[in-house]
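Undergrad: Let me begin by handing over the structure; questions about it come next.
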Amino acid sequence: MGNRWVRSIEKSSEAESNVGSGLPPIPSLEVVYLTDPARLAEVLPPPLTPPAQPRVHVRVTDIDLHFGEYHYKELVGYFAVDAVYDGVTGEYPLLIPIDLESAISISREKHGEPKKLASLELTRDGDHVEGRIARNGVTFVEIVGDVTETLPVPEPYPATQWWFKFLPAVSGSGFDGDPLLVRFDQVRTPVTVERVEGKLVLRDEPTAPVVDLPVLETVSITYTTRSSANKASVVGPVDPVAFEPYAFSRYDH
């Protein structure tokens, strides 16, 4: 049977280092809205700075894949704000809820993705679509609407995310090593895009305080399928003292 606590390590190839690349197009219900610019600025750890527009991105994605007899399924949420670093505007995710426990620790430890366990659903019945994210018995994100129009499919386009990778100190204060800013570059390839008439409802949940970024104006609600080519890379260390106030929410269960 062998020792399952230990396994040989092979050096990862370039393709293997790319996070989530190579998946077929997957469906996603997505909302973009504008929030209070002062509130958005408050959630940005240095060295990130506020964007030109205080945009927030919310989505629920259903990854349901079959590889022969192997079935891989997870529902993933996303709650992110626009943020700027070194002249590049990207998305800074405050929370990536996911219903697959095995994906949480490795995502945090390897790439700095702010994943937390949650209950999610994404359903479509004809033109009616619904997406929900819940933790601790509270449905803190709810998107409900109806598809009203098929939109032109844009060409593949680049997108960037900013993540922070860090290790809380054994002492209980600060970090064991400087936190790192991680840049996550994507080329997103849409396959279908549909306009949705509906609403986004945010509710208070202490470990996922999305209501602290209120909806002032809904920019768009869409139901889309797309694939992406992705690559993560370390930008460099960040000031541990300046970053520490922003770290606790990643482990606040």
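Identifiers in the structure tokens: chain A, B, ... in order shown; residue index from 1 per chain; ligand index from 1 in order shown.
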Counting only C-alpha atoms, which residues in segment 92-161 of chain A sit no more than 10 Å from segment 227-239 of chain A? For each one, give the nearest pair of atoms and the distance in Å, sorted by chain then residue number, as a Markdown table.
TA:
| residue | atom | partner | partner_atom | distance |
| --- | --- | --- | --- | --- |
| A:His111 | CA | A:Ala232 | CA | 7.5 |
| A:Pro156 | CA | A:Ser228 | CA | 8.7 |
| A:Tyr157 | CA | A:Ser228 | CA | 9.5 |
| A:Pro158 | CA | A:Ser228 | CA | 9.4 |
| A:Ala159 | CA | A:Asn230 | CA | 9.5 |
| A:Thr160 | CA | A:Asn230 | CA | 9.4 |
| A:Gln161 | CA | A:Ala232 | CA | 9.1 |
Undergrad: Would you list, as a PyMOL selection string, the residues of segment 19-231 of chain A that end up in helix (DSSP H, G or I) under DSSP run on this structure's backbone?
TA: chain A and resi 37-42+102-111+210-212
Undergrad: Keeping N, CA and C atoms for every residue in the selection just given, could you write it to a file as a short mmCIF file (atom, residue, chain, number, x, y, z; two decimals), in the first residue's frame?
TA:
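As written to disk, selection-v2.cif reads:
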data_model
loop_
_atom_site.label_atom_id
_atom_site.label_comp_id
_atom_site.auth_asym_id
_atom_site.auth_seq_id
_atom_site.Cartn_x
_atom_site.Cartn_y
_atom_site.Cartn_z
N PRO A 37 -16.71 55.39 -2.72
CA PRO A 37 -15.26 55.36 -2.95
C PRO A 37 -14.44 55.39 -1.67
N ALA A 38 -14.92 56.07 -0.65
CA ALA A 38 -14.19 56.11 0.61
C ALA A 38 -14.19 54.74 1.28
N ARG A 39 -15.32 54.04 1.23
CA ARG A 39 -15.39 52.69 1.80
C ARG A 39 -14.46 51.74 1.05
N LEU A 40 -14.44 51.86 -0.26
CA LEU A 40 -13.56 50.99 -1.04
C LEU A 40 -12.10 51.25 -0.69
N ALA A 41 -11.74 52.51 -0.60
CA ALA A 41 -10.34 52.85 -0.29
C ALA A 41 -9.91 52.26 1.05
N GLU A 42 -10.85 52.17 2.00
CA GLU A 42 -10.52 51.66 3.34
C GLU A 42 -10.15 50.19 3.34
N SER A 102 -11.34 20.85 0.25
CA SER A 102 -9.95 20.50 -0.08
C SER A 102 -9.24 21.58 -0.86
N ALA A 103 -9.99 22.51 -1.44
CA ALA A 103 -9.37 23.57 -2.26
C ALA A 103 -9.00 24.80 -1.44
N ILE A 104 -9.37 24.84 -0.17
CA ILE A 104 -9.19 26.08 0.59
C ILE A 104 -7.75 26.28 1.03
N SER A 105 -7.21 25.33 1.78
CA SER A 105 -5.88 25.53 2.36
C SER A 105 -4.80 25.69 1.32
N ILE A 106 -4.80 24.83 0.30
CA ILE A 106 -3.74 24.91 -0.71
C ILE A 106 -3.83 26.23 -1.48
N SER A 107 -5.03 26.73 -1.69
CA SER A 107 -5.18 28.00 -2.41
C SER A 107 -4.64 29.16 -1.58
N ARG A 108 -4.91 29.14 -0.29
CA ARG A 108 -4.38 30.17 0.60
C ARG A 108 -2.86 30.09 0.68
N GLU A 109 -2.35 28.89 0.92
CA GLU A 109 -0.94 28.73 1.23
C GLU A 109 -0.04 28.88 0.01
N LYS A 110 -0.52 28.43 -1.15
CA LYS A 110 0.33 28.49 -2.34
C LYS A 110 0.23 29.83 -3.06
N HIS A 111 -0.99 30.34 -3.19
CA HIS A 111 -1.19 31.53 -4.02
C HIS A 111 -1.69 32.75 -3.26
N VAL A 210 -19.86 41.83 3.43
CA VAL A 210 -20.05 42.46 2.11
C VAL A 210 -20.89 43.72 2.20
N VAL A 211 -21.76 43.82 3.21
CA VAL A 211 -22.62 45.01 3.33
C VAL A 211 -21.83 46.27 3.64
N ASP A 212 -20.56 46.12 4.04
CA ASP A 212 -19.74 47.30 4.30
C ASP A 212 -19.35 48.03 3.01
#
Undergrad: Quote the spacing between atom CA of Pro179 of chain A and atom CA of Gly87 of chain A in Å to one decimal place.
TA: 20.9 Å
Undergrad: For Pro152 of chain A, please output as a PyMOL selection string all residues within 9 Å (counting only C-alpha atoms; exclusion window: fewer than 4 positions along the same chain).
TA: chain A and resi 192-194
Undergrad: Check the smallest atom-to-atom distance from each of A:Asp125, A:Asp185, A:Asp176, A:Glu113 to Arg250 of chain A using only C-alpha atoms, then report the winner.
TA: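 Using only C-alpha atoms, Arg250 of chain A sits closest to A:Glu113.
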Undergrad: What's the separation between atom CA of Leu117 of chain A and atom CA of Ile98 of chain A, in Å to one decimal place?
TA: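 Distance between the two atoms: 5.2 Å.
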Undergrad: Excluding segment 202-204 of chain A and its own-chain neighbours fewer than 2 positions away, which residues fall within 12 Å of it when counting only C-alpha atoms? Please give them as an NGL selection string.
TA: :A and (31 or 33 or 58 or 79 or 132-144 or 199-200 or 206-215)
Undergrad: Apply DSSP to the backbone of this structure and, from segment 120-248 of chain A, keep only the residues in strand (DSSP E); write these as a PyMOL selection string.
TA: chain A and resi 120-125+128-135+138-150+157-165+180-202+217-237
Undergrad: What separation in Å, quoted to one decimal, exists between atom CA of Ala80 of chain A and atom CA of Val56 of chain A?
TA: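 Atom CA of Ala80 of chain A sits 5.7 Å away from atom CA of Val56 of chain A.
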